[in-house]
$ cat start_26.cif   # mmCIF, C-alpha atoms and all ligand atoms
data_data
loop_
_atom_site.label_atom_id
_atom_site.label_comp_id
_atom_site.auth_asym_id
_atom_site.auth_seq_id
_atom_site.Cartn_x
_atom_site.Cartn_y
_atom_site.Cartn_z
CA MET A 28 33.23 16.54 1.34
CA THR A 29 29.69 16.05 0.09
CA GLN A 30 29.02 13.70 -2.77
CA LYS A 31 28.83 15.31 -6.22
CA THR A 32 25.87 14.56 -8.44
CA LEU A 33 25.76 14.38 -12.24
CA LEU A 34 22.48 14.35 -14.16
CA CYS A 35 22.49 13.29 -17.82
CA VAL A 36 19.41 14.04 -19.95
CA VAL A 37 18.89 12.17 -23.24
CA ALA A 38 16.13 11.18 -25.68
CA HIS A 39 16.54 7.41 -26.26
CA PRO A 40 17.84 4.43 -24.30
CA ASP A 41 21.43 4.14 -25.63
CA ASP A 42 22.09 7.88 -26.17
CA GLU A 43 23.51 8.06 -22.64
CA THR A 44 25.80 5.08 -23.26
CA PHE A 45 26.88 5.76 -26.85
CA GLY A 46 27.22 9.51 -26.26
CA ALA A 47 28.51 9.94 -22.74
CA GLY A 48 29.05 6.47 -21.28
CA GLY A 49 32.70 6.96 -20.48
CA THR A 50 31.88 10.15 -18.65
CA LEU A 51 29.17 8.49 -16.59
CA ILE A 52 31.51 5.64 -15.66
CA HIS A 53 34.30 8.10 -14.85
CA ALA A 54 32.05 10.18 -12.58
CA ALA A 55 30.56 7.16 -10.81
CA SER A 56 33.93 5.50 -10.29
CA GLY A 57 35.22 8.77 -8.82
CA GLY A 58 32.48 8.62 -6.17
CA ALA A 59 29.83 10.85 -7.75
CA LYS A 60 26.16 9.96 -7.83
CA VAL A 61 25.09 9.61 -11.47
CA VAL A 62 21.46 9.81 -12.58
CA THR A 63 20.15 9.56 -16.15
CA VAL A 64 16.85 10.80 -17.54
CA CYS A 65 15.65 9.42 -20.85
CA ALA A 66 12.61 10.93 -22.57
CA THR A 67 11.43 7.84 -24.50
CA ARG A 68 11.74 4.05 -24.64
CA GLY A 69 13.16 4.26 -28.15
CA GLU A 70 10.16 2.46 -29.65
CA ALA A 71 10.95 3.72 -33.18
CA GLY A 72 14.44 2.20 -33.06
CA GLU A 73 15.65 -0.73 -35.10
CA ILE A 74 15.47 -4.35 -34.03
CA MET A 75 18.68 -6.24 -34.64
CA GLU A 76 18.24 -9.90 -35.60
CA ARG A 77 20.34 -11.00 -32.63
CA VAL A 78 17.49 -10.13 -30.22
CA ASN A 79 14.14 -11.76 -29.85
CA ALA A 80 11.95 -8.67 -30.04
CA THR A 81 8.96 -7.37 -31.99
CA PRO A 82 7.80 -3.79 -32.45
CA GLU A 83 5.36 -4.49 -29.61
CA THR A 84 7.99 -5.71 -27.17
CA LEU A 85 10.76 -3.31 -28.22
CA PRO A 86 9.91 -0.60 -25.64
CA ALA A 87 10.23 -3.10 -22.77
CA VAL A 88 13.38 -4.61 -24.28
CA ARG A 89 14.99 -1.20 -24.62
CA GLU A 90 13.94 -0.21 -21.11
CA SER A 91 15.72 -3.25 -19.73
CA GLU A 92 18.78 -2.57 -21.89
CA TYR A 93 18.84 1.01 -20.57
CA ARG A 94 18.72 -0.20 -16.97
CA LYS A 95 21.32 -2.90 -17.54
CA ALA A 96 23.72 -0.44 -19.20
CA GLY A 97 23.11 1.94 -16.29
CA GLN A 98 24.07 -0.78 -13.81
CA ILE A 99 27.24 -1.57 -15.73
CA MET A 100 28.20 2.12 -15.76
CA GLY A 101 27.50 2.66 -12.04
CA VAL A 102 24.41 4.82 -12.61
CA SER A 103 22.35 5.11 -9.39
CA GLU A 104 19.04 5.79 -11.03
CA SER A 105 17.90 5.36 -14.66
CA ILE A 106 14.75 7.46 -15.06
CA LEU A 107 12.33 7.24 -18.00
CA LEU A 108 9.88 10.05 -18.78
CA GLY A 109 7.74 7.72 -20.91
CA TYR A 110 7.21 9.78 -24.06
CA ARG A 111 7.05 8.11 -27.46
CA ASP A 112 10.07 8.02 -29.74
CA SER A 113 9.43 10.43 -32.65
CA GLY A 114 11.59 8.47 -35.12
CA MET A 115 14.18 9.87 -37.49
CA ALA A 116 13.52 13.24 -39.15
CA GLY A 117 10.93 13.01 -41.92
CA THR A 118 9.37 9.67 -40.87
CA PRO A 119 5.61 9.24 -40.21
CA GLU A 120 6.25 8.66 -36.48
CA ASN A 121 7.10 12.38 -36.24
CA ASP A 122 3.37 13.18 -36.48
CA ASP A 123 2.12 10.73 -33.83
CA PRO A 124 0.31 12.87 -31.24
CA ASN A 125 2.17 10.98 -28.51
CA ALA A 126 5.56 11.55 -30.13
CA PHE A 127 8.05 13.30 -27.90
CA ILE A 128 8.49 16.22 -30.31
CA GLN A 129 4.70 16.82 -30.32
CA GLN A 130 4.66 17.49 -26.55
CA SER A 131 4.73 21.00 -25.16
CA GLU A 132 8.14 22.27 -24.16
CA GLU A 133 6.65 23.51 -20.90
CA GLN A 134 5.49 20.02 -19.94
CA VAL A 135 8.82 18.36 -20.70
CA VAL A 136 10.76 21.14 -18.96
CA ASN A 137 8.57 20.66 -15.89
CA ASP A 138 9.27 16.92 -15.92
CA ILE A 139 13.01 17.59 -15.98
CA ILE A 140 12.75 20.26 -13.28
CA GLU A 141 10.90 17.80 -11.07
CA VAL A 142 13.83 15.38 -11.42
CA MET A 143 16.35 18.17 -10.78
CA GLU A 144 14.54 19.29 -7.63
CA ARG A 145 14.64 15.77 -6.24
CA VAL A 146 18.13 14.72 -7.40
CA LYS A 147 19.81 18.13 -6.90
CA PRO A 148 22.54 17.70 -9.51
CA ASP A 149 25.69 19.81 -9.36
CA VAL A 150 26.28 19.30 -13.06
CA VAL A 151 23.81 18.71 -15.88
CA LEU A 152 24.88 17.07 -19.13
CA THR A 153 22.86 16.62 -22.32
CA MET A 154 23.29 16.09 -26.05
CA ASP A 155 24.59 18.98 -28.14
CA ALA A 156 21.99 21.43 -29.49
CA GLY A 157 22.22 19.89 -32.97
CA GLY A 158 21.45 16.44 -31.58
CA GLY A 159 24.68 14.81 -32.79
CA TYR A 160 23.31 14.16 -36.26
CA GLY A 161 20.06 16.12 -36.29
CA HIS A 162 17.64 13.60 -34.74
CA PRO A 163 14.55 15.65 -33.77
CA ASP A 164 14.20 13.94 -30.36
CA HIS A 165 17.84 14.68 -29.54
CA ILE A 166 17.39 18.34 -30.41
CA PHE A 167 14.19 18.63 -28.33
CA ALA A 168 15.66 16.81 -25.30
CA SER A 169 18.71 19.06 -25.39
CA LYS A 170 16.61 22.22 -25.65
CA CYS A 171 14.32 21.18 -22.78
CA ALA A 172 17.24 20.21 -20.54
CA LEU A 173 18.83 23.62 -21.03
CA ALA A 174 15.51 25.42 -20.43
CA ALA A 175 14.98 23.43 -17.21
CA PHE A 176 18.48 24.29 -16.00
CA GLU A 177 18.00 27.99 -16.78
CA GLN A 178 14.62 28.10 -15.05
CA LEU A 179 16.06 26.59 -11.88
CA ARG A 180 18.97 29.00 -11.92
CA ASP A 181 16.52 31.88 -12.15
CA ASP A 182 14.16 30.57 -9.47
CA TYR A 183 16.57 29.41 -6.82
CA SER A 184 19.33 30.78 -4.72
CA HIS A 185 22.53 29.75 -6.48
CA ASP A 186 23.64 27.20 -3.93
CA ARG A 187 20.61 24.98 -4.62
CA ALA A 188 20.53 25.18 -8.40
CA PRO A 189 22.81 23.03 -10.58
CA LYS A 190 26.03 24.92 -11.11
CA LYS A 191 27.24 23.78 -14.50
CA PHE A 192 25.64 22.74 -17.76
CA TYR A 193 27.36 20.89 -20.59
CA TYR A 194 26.65 19.41 -23.98
CA PHE A 195 28.41 16.19 -24.78
CA ALA A 196 29.52 16.38 -28.38
CA PHE A 197 31.65 14.74 -31.05
CA PRO A 198 34.30 16.84 -32.77
CA ARG A 199 33.45 17.07 -36.48
CA SER A 200 36.93 16.06 -37.63
CA ARG A 201 36.68 12.80 -35.64
CA MET A 202 33.19 12.04 -36.92
CA GLN A 203 34.16 12.75 -40.51
CA GLU A 204 37.23 10.57 -40.33
CA ALA A 205 35.13 7.72 -38.91
CA TRP A 206 32.38 8.18 -41.50
CA GLU A 207 34.74 8.33 -44.42
CA ARG A 208 36.61 5.23 -43.31
CA MET A 209 33.37 3.30 -42.74
CA ALA A 210 31.86 4.44 -46.04
CA ALA A 211 35.04 3.39 -47.86
CA GLU A 212 34.88 -0.07 -46.34
CA ASP A 213 31.18 -0.50 -47.08
CA PRO A 214 30.21 1.65 -50.09
CA ASP A 215 26.59 0.41 -50.01
CA SER A 216 26.04 1.52 -46.44
CA PRO A 217 23.37 4.20 -45.92
CA MET A 218 26.04 6.12 -43.99
CA GLY A 219 27.46 7.14 -47.35
CA GLN A 220 24.36 9.32 -47.85
CA VAL A 221 24.93 11.40 -44.72
CA ASP A 222 26.14 14.95 -45.25
CA VAL A 223 29.45 14.87 -43.41
CA GLU A 224 29.36 18.64 -42.97
CA THR A 225 26.53 18.23 -40.44
CA LEU A 226 28.19 15.57 -38.28
CA GLY A 227 29.12 16.42 -34.71
CA VAL A 228 30.13 19.97 -33.85
CA PRO A 229 32.93 22.16 -35.21
CA ASP A 230 36.09 21.16 -33.33
CA GLU A 231 36.67 24.69 -32.06
CA GLU A 232 33.36 24.63 -30.15
CA ILE A 233 34.66 21.88 -27.84
CA THR A 234 35.75 23.43 -24.53
CA LEU A 235 36.78 20.30 -22.64
CA SER A 236 38.13 16.89 -23.64
CA VAL A 237 38.66 14.19 -21.05
CA ALA A 238 40.76 11.09 -21.68
CA ILE A 239 39.24 8.01 -20.04
CA PRO A 240 41.23 5.03 -21.35
CA GLN A 241 40.98 3.33 -17.95
CA HIS A 242 37.23 2.76 -18.47
CA GLU A 243 37.35 1.24 -21.96
CA ASP A 244 36.44 -2.33 -20.97
CA GLN A 245 33.54 -1.21 -18.79
CA LEU A 246 32.30 1.08 -21.55
CA ARG A 247 32.46 -1.70 -24.15
CA GLU A 248 30.39 -3.84 -21.81
CA ALA A 249 27.79 -1.04 -21.46
CA PHE A 250 27.65 -0.66 -25.27
CA GLY A 251 26.98 -4.39 -25.43
CA ALA A 252 23.92 -4.04 -23.20
CA HIS A 253 22.04 -2.27 -26.01
CA LEU A 254 21.77 -5.49 -28.00
CA SER A 255 18.61 -4.55 -29.90
CA GLN A 256 20.36 -1.59 -31.50
CA GLN A 257 23.14 -1.31 -34.03
CA SER A 258 26.22 -0.44 -32.00
CA PRO A 259 28.44 2.33 -33.33
CA LEU A 260 31.26 -0.17 -32.73
CA ASP A 261 29.78 -2.79 -35.07
CA ARG A 262 31.13 -1.13 -38.18
CA MET A 263 34.00 0.99 -36.91
CA PRO A 264 37.60 0.07 -37.64
CA ASP A 265 39.22 -0.72 -34.31
CA ASP A 266 41.57 2.26 -34.13
CA ILE A 267 38.63 4.62 -34.71
CA ALA A 268 36.53 2.82 -32.11
CA ARG A 269 39.29 3.13 -29.56
CA GLY A 270 39.45 6.87 -30.17
CA PHE A 271 35.74 7.21 -29.42
CA LEU A 272 35.89 4.96 -26.38
CA THR A 273 38.87 6.56 -24.69
CA GLU A 274 38.20 10.29 -24.96
CA GLU A 275 34.99 12.30 -24.55
CA HIS A 276 34.29 15.90 -25.44
CA TYR A 277 32.09 18.66 -24.07
CA ILE A 278 30.88 22.15 -24.67
CA ARG A 279 30.39 24.07 -21.43
CA VAL A 280 27.27 26.20 -21.73
CA TYR A 281 27.22 27.48 -18.12
CA PRO A 282 29.11 29.13 -16.64
CA THR A 283 30.26 31.24 -19.54
CA PRO A 284 32.56 32.19 -21.03
CA ALA A 285 34.07 28.79 -21.55
CA VAL A 286 37.55 28.68 -22.97
CA GLN A 287 39.24 25.53 -24.21
CA GLY A 288 41.56 24.31 -21.48
CA ASP A 289 40.14 26.39 -18.59
CA GLU A 290 39.27 23.23 -16.62
CA THR A 291 40.15 19.55 -16.48
CA GLY A 292 36.84 17.89 -15.57
CA LEU A 293 33.10 18.37 -15.21
CA PHE A 294 33.30 18.80 -11.43
CA ASP A 295 36.12 21.37 -11.40
CA GLY A 296 35.22 24.26 -9.12
CA ILE A 297 32.37 22.43 -7.38
ZN ZN B 1 19.01 8.74 -29.83
#

$ encode --input "start_26.cif" --output "C-alpha cells" --more "lines below"
Ligand SMILES: [Zn+2]
Amino acid sequence: MTQKTLLCVVAHPDDETFGAGGTLIHAASGGAKVVTVCATRGEAGEIMERVNATPETLPAVRESEYRKAGQIMGVSESILLGYRDSGMAGTPENDDPNAFIQQSEEQVVNDIIEVMERVKPDVVLTMDAGGGYGHPDHIFASKCALAAFEQLRDDYSHDRAPKKFYYFAFPRSRMQEAWERMAAEDPDSPMGQVDVETLGVPDEEITLSVAIPQHEDQLREAFGAHLSQQSPLDRMPDDIARGFLTEEHYIRVYPTPAVQGDETGLFDGI
C-alpha cells in the first residue's frame, strides 16, 4: 500500500494547529505524510506578554512556532509562501501592497499548484470559505486552495490529481455555545462584540465529524507551541475546550455530492 498524503493550506502560522491540528496528528500517526502550506508569517498577529518578541521579530518567532508545532504534530514539511499578513478586516494592514489579500489570485494559485505538483497530495484540506470568523486572509487562502485543486483536476489525468478536497470547519452551535459561555464569564471581553450568527458554519453543512480523543495531549502540546498568540484554550471553560480538542469537523467539497455520514475519514476510498 502506498503512503497517503494530506496537504493542509492555511493563511497564518497557528491556523493549521488551532483549526485542524487533531486531524493532522491523526493522519500522521496513521502513517500518512502530512504537509502544511501557510501563506504568511502572521506578522499582523498579537504579541502575548509571555514571549520576548517585537513587531520586528514577530515574523521569525511565528515561523519557528509554526515549525515547532508541525514537529509536535508529525508534519513532514511546514511550507511558508512568504506573503504579508493582511490583518483583521478593516485594519490599515489590509491596504499594504505586500498584504496577502492584495496579491493576484493567479499568483497565489500558482504557488499552491507548485506545491501540489511536488507533494502530490491525495487529500487537500483548507479553512472553510467563510474563513472561520471572516478573516480576509482565511477567506483568500481558502479560495486559492480550492482554485488550485480545481485547476489540477482539470489539467491532469485523475490518478495524478488530488482526489478529495475538504474545508475544516466549526459547527455554529458549538462555536456559539463556547462564545456565550466565555462572554458570560468575562463580560468585558471583545468577544462579546462578535456577531454569533457569523461564527463557524451552519451545523447541517458539516459532512464528516471525526472523534480524535486519543490525540488530545499531543494537540494541547501543539497549541502550546504558538506561545506568541492568544490560545483559544486560554479562555475556554475546560469542558468546552475538550469538545474542541477531541472532535474535528469537515465539509467535503470534492467529490460531490457529500452526504453526512457517507464516510468515516478523510482517506476513505483512496
Ligand atoms: Zn489565521

$ axis_aligned_box --input "start_26.cif" --around "region 198-201 of chain A" --padding-each-side "5 Å" --output "AutoDock Vina command-line options"
--center_x 35.2 --center_y 14.9 --center_z -35.2 --size_x 13.5 --size_y 14.3 --size_z 14.9

$ atom_distance --input "start_26.cif" --atom1 "CA of Asn121 (chain A)" --atom2 "CA of His162 (chain A)"
10.7 Å

$ closest_atom_pairs --input "start_26.cif" --of "chain A" --to "ligand ZN 1 (chain B)" --cutoff "6 Å" --atoms "only C-alpha atoms and all ligand atoms" --output "Markdown table"
| residue | atom | partner | partner_atom | distance |
| --- | --- | --- | --- | --- |
| A:Ala38 | CA | B:ZN1 | ZN | 5.6 |
| A:His39 | CA | B:ZN1 | ZN | 4.5 |
| A:Asp42 | CA | B:ZN1 | ZN | 4.9 |

$ closest_residue --input "start_26.cif" --among "A:Ala285, A:Phe294, A:Leu260, A:His165" --to "Lys60 (chain A)" --atoms "all atoms listed in the file"
A:Phe294

$ atom_distance --input "start_26.cif" --atom1 "CA of Ala268 (chain A)" --atom2 "CA of Glu204 (chain A)"
11.3 Å

$ closest_residue --input "start_26.cif" --among "A:Asp112, A:Glu144, A:Glu248, A:Glu73" --to "Gly48 (chain A)" --atoms "only C-alpha atoms"
A:Glu248

$ residues_around --input "start_26.cif" --residues "Ala205 (chain A)" --least-positions-apart "4" --cutoff "10 Å" --atoms "only C-alpha atoms" --output "mmCIF file with C-alpha atoms, keeping the file's coordinate frame"
data_model
loop_
_atom_site.group_PDB
_atom_site.id
_atom_site.type_symbol
_atom_site.label_atom_id
_atom_site.label_comp_id
_atom_site.auth_asym_id
_atom_site.auth_seq_id
_atom_site.Cartn_x
_atom_site.Cartn_y
_atom_site.Cartn_z
ATOM 1 C CA ARG A 199 33.450 17.070 -36.480
ATOM 2 C CA SER A 200 36.930 16.060 -37.630
ATOM 3 C CA ARG A 201 36.680 12.800 -35.640
ATOM 4 C CA MET A 209 33.370 3.300 -42.740
ATOM 5 C CA ALA A 210 31.860 4.440 -46.040
ATOM 6 C CA ALA A 211 35.040 3.390 -47.860
ATOM 7 C CA ARG A 262 31.130 -1.130 -38.180
ATOM 8 C CA MET A 263 34.000 0.990 -36.910
ATOM 9 C CA PRO A 264 37.600 0.070 -37.640
ATOM 10 C CA ASP A 266 41.570 2.260 -34.130
ATOM 11 C CA ILE A 267 38.630 4.620 -34.710
ATOM 12 C CA ALA A 268 36.530 2.820 -32.110
ATOM 13 C CA GLY A 270 39.450 6.870 -30.170
ATOM 14 C CA PHE A 271 35.740 7.210 -29.420
#

$ residues_around --input "start_26.cif" --residues "region 106-109 of chain A" --least-positions-apart "3" --cutoff "9 Å" --atoms "only C-alpha atoms" --output "JSON, numbers by chain"
{"A": [40, 62, 63, 64, 65, 66, 67, 68, 90, 94, 127, 135, 138, 139, 142]}

$ closest_residue --input "start_26.cif" --among "A:Glu232, A:Asp222, A:Asp164, A:Glu141" --to "Gly114 (chain A)" --atoms "only C-alpha atoms"
A:Asp164

$ closest_residue --input "start_26.cif" --among "A:Phe176, A:Phe195, A:Trp206, A:Phe167" --to "Glu274 (chain A)" --atoms "only C-alpha atoms"
A:Phe195

$ closest_residue --input "start_26.cif" --among "A:Ala80, A:Ala188, A:Val228, A:Ile166" --to "Ile140 (chain A)" --atoms "only C-alpha atoms"
A:Ala188
